[in-house]
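Here's the structure we're looking at; comments come further down.
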Amino acid sequence: MSANLNHIVLVDDNETTSFLNNRLLGRLAVADQVSTFSRADEAFEKLWGDTGSPAPDLVFVDLKMPGISGFEFLELYNALPQPVQDKTVMAVLTTSMHGADTARVAQYPNVEYLTKPLTEEKMRKLLEKRFQ
C-alpha cells in the first residue's frame with residue numbers, strides 16, 4: 001500500500017488498541033501523519049474547532065468510550081457543514097457487532113463500520129472503497 005493520505009486520526013480510549021493500530025498504519029505507510037486521541041471531545045475540538053488546521057482524510061472512532069461516546073462524536077460530525085464532512089472519511093472501529101449498534105451507525109450516510117482488530121486487509125478494502 002502506498003502513502004496517499006495526509007492525516008489519519010484514531011479515537012479510542014484503549015491505549016493498547018491505539019498503539020497497535022498506530023503501528024499497523026505506520027508499517028503500511030498509508031499516511032504522512034497519524035494522530036491518536038483517547039477522548040472523543042478532545043479529538044473533535046482539535047480537528048474541527050477553531051484551529052485552522054487541515055481536516056484529516058480519515059478518522060477511526062470507537063463507539064464505547066467514557067465522556068463523549070462514538071455515537072455522540074458522530075452526531076457532532078454529522079452537524080458539521082457538508083463541505084467540511086466531505087473532506088473526511090469517518091469510520092467506526094469497534095468490537096461491537098450488536099445489531100442495534102450497526103443499525104444506529106447505518107443511519108449516518110458515508111460512515112464506514114469496521115470491527116476490531118484493524119487489519120491490513122480491512123485497511124486495503126477501505127482505501128479501495130473510499131480513496132480511489
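Numbering starts fresh at 1 for the residues of each chain in the C-alpha cells, the chains themselves are lettered A, B, ... in the order given, and ligands are numbered from 1 as they appear.
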Using only C-alpha atoms, which residues sit within 8 Å of Asn78 (chain A) once same-chain residues fewer than 4 positions away are excluded, as a list in words? Leu74, Gln85 and Tyr108 of chain A
Leaving out region 18-30 of chain A and any residue of its chain fewer than 5 positions from it, which residues lie within 9 Å of it when counting only C-alpha atoms, given as a compact mmCIF listing (two decimals) with all heavy atoms, in the first residue's frame?
# COMPACT_ATOMS: atom_id res chain seq x y z
N MET A 1 0.85 -1.19 0.00
CA MET A 1 0.00 0.00 0.00
C MET A 1 0.88 1.23 0.00
O MET A 1 1.86 1.29 0.72
CB MET A 1 -0.88 0.00 1.25
CG MET A 1 -2.16 -0.77 1.07
SD MET A 1 -3.21 -0.71 2.52
CE MET A 1 -2.78 -2.26 3.26
N SER A 2 0.51 2.19 -0.80
CA SER A 2 1.32 3.40 -0.88
C SER A 2 0.72 4.51 -0.01
O SER A 2 -0.47 4.53 0.24
CB SER A 2 1.41 3.86 -2.33
OG SER A 2 0.12 4.16 -2.80
N ALA A 3 1.57 5.39 0.44
CA ALA A 3 1.13 6.53 1.26
C ALA A 3 0.42 7.53 0.36
O ALA A 3 1.03 8.16 -0.47
CB ALA A 3 2.31 7.17 1.95
N ASN A 4 -0.90 7.62 0.53
CA ASN A 4 -1.62 8.58 -0.29
C ASN A 4 -2.50 9.50 0.57
O ASN A 4 -3.13 10.39 0.04
CB ASN A 4 -2.46 7.87 -1.35
CG ASN A 4 -3.43 6.87 -0.77
OD1 ASN A 4 -3.35 6.54 0.40
ND2 ASN A 4 -4.33 6.37 -1.59
N LEU A 5 -2.52 9.29 1.87
CA LEU A 5 -3.30 10.14 2.75
C LEU A 5 -2.37 11.06 3.53
O LEU A 5 -1.25 10.69 3.85
CB LEU A 5 -4.13 9.30 3.73
CG LEU A 5 -5.08 8.27 3.11
CD1 LEU A 5 -5.87 7.57 4.20
CD2 LEU A 5 -6.01 8.90 2.10
N ASN A 6 -2.85 12.24 3.82
CA ASN A 6 -2.06 13.17 4.62
C ASN A 6 -2.15 12.87 6.11
O ASN A 6 -1.16 12.88 6.80
CB ASN A 6 -2.51 14.62 4.37
CG ASN A 6 -2.19 15.08 2.97
OD1 ASN A 6 -1.11 14.80 2.47
ND2 ASN A 6 -3.13 15.74 2.34
N ILE A 8 -4.37 10.56 9.23
CA ILE A 8 -5.35 9.61 9.79
C ILE A 8 -5.42 9.85 11.29
O ILE A 8 -4.39 10.05 11.94
CB ILE A 8 -4.96 8.14 9.51
CG1 ILE A 8 -4.97 7.85 8.01
CG2 ILE A 8 -5.90 7.18 10.24
CD1 ILE A 8 -4.51 6.46 7.63
N LEU A 10 -6.95 8.36 15.02
CA LEU A 10 -7.50 7.25 15.80
C LEU A 10 -8.09 7.81 17.09
O LEU A 10 -7.39 8.48 17.83
CB LEU A 10 -6.40 6.24 16.15
CG LEU A 10 -5.63 5.62 14.98
CD1 LEU A 10 -4.36 4.95 15.48
CD2 LEU A 10 -6.51 4.62 14.26
N VAL A 11 -9.37 7.53 17.34
CA VAL A 11 -10.02 7.97 18.57
C VAL A 11 -10.48 6.72 19.31
O VAL A 11 -11.45 6.07 18.92
CB VAL A 11 -11.22 8.90 18.30
CG1 VAL A 11 -11.80 9.43 19.61
CG2 VAL A 11 -10.83 10.06 17.38
N ASP A 12 -9.75 6.36 20.38
CA ASP A 12 -10.05 5.15 21.14
C ASP A 12 -9.47 5.30 22.54
O ASP A 12 -8.31 5.72 22.67
CB ASP A 12 -9.43 3.94 20.43
CG ASP A 12 -10.00 2.61 20.92
OD1 ASP A 12 -10.15 2.44 22.16
OD2 ASP A 12 -10.27 1.75 20.08
N ASP A 13 -10.24 4.96 23.55
CA ASP A 13 -9.76 5.11 24.92
C ASP A 13 -8.85 3.97 25.36
O ASP A 13 -8.23 4.04 26.41
CB ASP A 13 -10.94 5.26 25.90
CG ASP A 13 -11.84 4.04 25.92
OD1 ASP A 13 -12.22 3.56 24.83
OD2 ASP A 13 -12.19 3.57 27.02
N SER A 35 -2.53 10.57 14.11
CA SER A 35 -2.74 11.16 15.44
C SER A 35 -3.66 10.26 16.23
O SER A 35 -4.58 9.65 15.68
CB SER A 35 -3.40 12.54 15.32
OG SER A 35 -2.60 13.41 14.56
N THR A 36 -3.43 10.19 17.55
CA THR A 36 -4.29 9.40 18.41
C THR A 36 -4.88 10.28 19.51
O THR A 36 -4.21 11.18 20.02
CB THR A 36 -3.54 8.22 19.04
OG1 THR A 36 -2.43 8.73 19.78
CG2 THR A 36 -3.04 7.25 17.99
N PHE A 37 -6.12 9.99 19.85
CA PHE A 37 -6.81 10.67 20.93
C PHE A 37 -7.52 9.61 21.78
O PHE A 37 -8.09 8.67 21.24
CB PHE A 37 -7.87 11.64 20.40
CG PHE A 37 -7.32 12.80 19.64
CD1 PHE A 37 -7.13 12.72 18.27
CD2 PHE A 37 -6.98 13.97 20.30
CE1 PHE A 37 -6.62 13.79 17.56
CE2 PHE A 37 -6.46 15.06 19.59
CZ PHE A 37 -6.29 14.96 18.22
N SER A 38 -7.48 9.78 23.10
CA SER A 38 -8.17 8.85 23.98
C SER A 38 -9.56 9.38 24.36
O SER A 38 -10.36 8.65 24.93
CB SER A 38 -7.35 8.59 25.24
OG SER A 38 -7.10 9.80 25.92
N PRO A 117 -10.10 -6.41 15.30
CA PRO A 117 -8.97 -5.50 15.16
C PRO A 117 -8.88 -4.96 13.74
O PRO A 117 -9.34 -5.58 12.79
CB PRO A 117 -7.77 -6.39 15.47
CG PRO A 117 -8.18 -7.75 14.97
CD PRO A 117 -9.68 -7.82 15.26
N LEU A 118 -8.24 -3.80 13.62
CA LEU A 118 -7.93 -3.24 12.31
C LEU A 118 -6.82 -4.10 11.72
O LEU A 118 -5.83 -4.40 12.39
CB LEU A 118 -7.47 -1.79 12.44
CG LEU A 118 -7.17 -1.04 11.14
CD1 LEU A 118 -8.42 -0.96 10.27
CD2 LEU A 118 -6.64 0.35 11.44
N THR A 119 -7.01 -4.53 10.49
CA THR A 119 -6.02 -5.38 9.83
C THR A 119 -5.60 -4.75 8.50
O THR A 119 -6.24 -3.82 8.01
CB THR A 119 -6.59 -6.78 9.51
OG1 THR A 119 -7.70 -6.62 8.61
CG2 THR A 119 -7.05 -7.50 10.78
N GLU A 120 -4.53 -5.27 7.95
CA GLU A 120 -4.07 -4.79 6.65
C GLU A 120 -5.16 -4.97 5.61
O GLU A 120 -5.40 -4.09 4.78
CB GLU A 120 -2.80 -5.54 6.25
CG GLU A 120 -2.21 -5.07 4.95
CD GLU A 120 -0.86 -5.69 4.64
OE1 GLU A 120 -0.26 -6.32 5.52
OE2 GLU A 120 -0.41 -5.54 3.48
N MET A 123 -7.93 -2.40 6.02
CA MET A 123 -7.43 -1.09 5.62
C MET A 123 -7.36 -1.00 4.09
O MET A 123 -7.77 0.00 3.51
CB MET A 123 -6.05 -0.87 6.25
CG MET A 123 -5.56 0.53 6.17
SD MET A 123 -6.60 1.66 7.12
CE MET A 123 -6.22 3.18 6.26
Assign secondary structure with DSSP using the backbone only, and return the residues of region 33-82 of chain A in strand (DSSP E) as a list in words.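 Those residues are Gln33, Val34, Ser35, Thr36, Phe37, Leu58, Val59, Phe60 and Val61 of chain A.
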Just to be explicit: take each residue in the selection above, keep N, CA and C atoms, and write the result as a CSV table (one decimal), in the first residue's frame.
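So the final result, stored in again_31.csv, reads:
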chain,number,residue,atom,x,y,z
A,33,GLN,N,0.8,11.4,8.4
A,33,GLN,CA,0.7,11.6,9.8
A,33,GLN,C,-0.4,10.8,10.4
A,34,VAL,N,-0.2,10.2,11.6
A,34,VAL,CA,-1.3,9.5,12.3
A,34,VAL,C,-1.3,10.1,13.7
A,35,SER,N,-2.5,10.6,14.1
A,35,SER,CA,-2.7,11.2,15.4
A,35,SER,C,-3.7,10.3,16.2
A,36,THR,N,-3.4,10.2,17.5
A,36,THR,CA,-4.3,9.4,18.4
A,36,THR,C,-4.9,10.3,19.5
A,37,PHE,N,-6.1,10.0,19.8
A,37,PHE,CA,-6.8,10.7,20.9
A,37,PHE,C,-7.5,9.6,21.8
A,58,LEU,N,-9.0,10.7,7.1
A,58,LEU,CA,-9.7,9.5,7.7
A,58,LEU,C,-9.7,9.6,9.2
A,59,VAL,N,-10.9,9.3,9.8
A,59,VAL,CA,-11.0,9.2,11.3
A,59,VAL,C,-11.6,7.9,11.6
A,60,PHE,N,-10.9,7.1,12.5
A,60,PHE,CA,-11.4,5.9,13.1
A,60,PHE,C,-11.9,6.3,14.5
A,61,VAL,N,-13.2,6.0,14.8
A,61,VAL,CA,-13.7,6.3,16.2
A,61,VAL,C,-14.3,5.0,16.8
Considering only C-alpha atoms, return as a list in words whatever protein or nucleic-acid residues lie within 9 Å of Glu112 (chain A), sequence-local ones (same chain, fewer than 3 positions apart) excluded. Val89, Met90, Ala91, Val92, Leu93, Val105, Ala106, Pro109 and Leu126 of chain A
Just-selected residues, N, CA, C and O atoms written as a PDB file, in the first residue's frame:
ATOM      1  N   VAL A  89     -13.247  11.038   5.651  1.00  0.00           N
ATOM      2  CA  VAL A  89     -13.976   9.772   5.717  1.00  0.00           C
ATOM      3  C   VAL A  89     -14.032   9.362   7.179  1.00  0.00           C
ATOM      4  O   VAL A  89     -13.004   9.309   7.863  1.00  0.00           O
ATOM      5  N   MET A  90     -15.238   9.095   7.662  1.00  0.00           N
ATOM      6  CA  MET A  90     -15.445   8.683   9.053  1.00  0.00           C
ATOM      7  C   MET A  90     -15.671   7.173   9.082  1.00  0.00           C
ATOM      8  O   MET A  90     -16.472   6.649   8.308  1.00  0.00           O
ATOM      9  N   ALA A  91     -14.951   6.501   9.966  1.00  0.00           N
ATOM     10  CA  ALA A  91     -15.092   5.051  10.100  1.00  0.00           C
ATOM     11  C   ALA A  91     -15.210   4.685  11.574  1.00  0.00           C
ATOM     12  O   ALA A  91     -14.379   5.082  12.384  1.00  0.00           O
ATOM     13  N   VAL A  92     -16.252   3.948  11.904  1.00  0.00           N
ATOM     14  CA  VAL A  92     -16.391   3.391  13.247  1.00  0.00           C
ATOM     15  C   VAL A  92     -15.515   2.149  13.300  1.00  0.00           C
ATOM     16  O   VAL A  92     -15.539   1.319  12.385  1.00  0.00           O
ATOM     17  N   LEU A  93     -14.706   2.041  14.347  1.00  0.00           N
ATOM     18  CA  LEU A  93     -13.860   0.863  14.557  1.00  0.00           C
ATOM     19  C   LEU A  93     -14.153   0.370  15.963  1.00  0.00           C
ATOM     20  O   LEU A  93     -13.772   1.002  16.944  1.00  0.00           O
ATOM     21  N   VAL A 105     -25.410   3.075  13.459  1.00  0.00           N
ATOM     22  CA  VAL A 105     -24.350   3.654  12.634  1.00  0.00           C
ATOM     23  C   VAL A 105     -24.825   3.778  11.186  1.00  0.00           C
ATOM     24  O   VAL A 105     -24.492   4.749  10.491  1.00  0.00           O
ATOM     25  N   ALA A 106     -25.625   2.816  10.720  1.00  0.00           N
ATOM     26  CA  ALA A 106     -26.116   2.831   9.341  1.00  0.00           C
ATOM     27  C   ALA A 106     -26.987   4.059   9.051  1.00  0.00           C
ATOM     28  O   ALA A 106     -27.190   4.409   7.888  1.00  0.00           O
ATOM     29  N   PRO A 109     -25.100   8.507   6.731  1.00  0.00           N
ATOM     30  CA  PRO A 109     -24.596   8.198   5.389  1.00  0.00           C
ATOM     31  C   PRO A 109     -23.080   8.395   5.352  1.00  0.00           C
ATOM     32  O   PRO A 109     -22.542   9.264   6.026  1.00  0.00           O
ATOM     33  N   LEU A 126     -10.883  -0.584   2.721  1.00  0.00           N
ATOM     34  CA  LEU A 126     -11.386   0.761   2.993  1.00  0.00           C
ATOM     35  C   LEU A 126     -10.760   1.781   2.045  1.00  0.00           C
ATOM     36  O   LEU A 126     -11.457   2.643   1.491  1.00  0.00           O
TER      37      LEU A 126
END
One number please: CA of Met97 (chain A) to CA of Lys64 (chain A), in Å, one decimal.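 Calculated distance between CA of Met97 (chain A) and CA of Lys64 (chain A) is 12.3 Å.
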Hey, what does DSSP flag as alpha helix (DSSP H) within chain A? Can you give it to me as a count of residues only? 55
Separation of CA of Thr95 (chain A) and CA of Met65 (chain A), in Å? 11.9 Å
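Between CA of Thr17 (chain A) and CA of Lys116 (chain A) lies a distance of 8.8 Å.
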Need to verify the contact set: region 49-57 of chain A, 6 Å, only C-alpha atoms, exclusion of same-chain residues closer than 2 positions in sequence. Can you return it as an NGL selection string? :A and (7-8 or 45-46 or 88)
Pick from A:Asn110, A:Thr102, A:Thr16, A:Ser96: nearest to Gln82 (chain A), with only C-alpha atoms counted?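 Of the candidates, the smallest distance to Gln82 (chain A) is held by A:Asn110.
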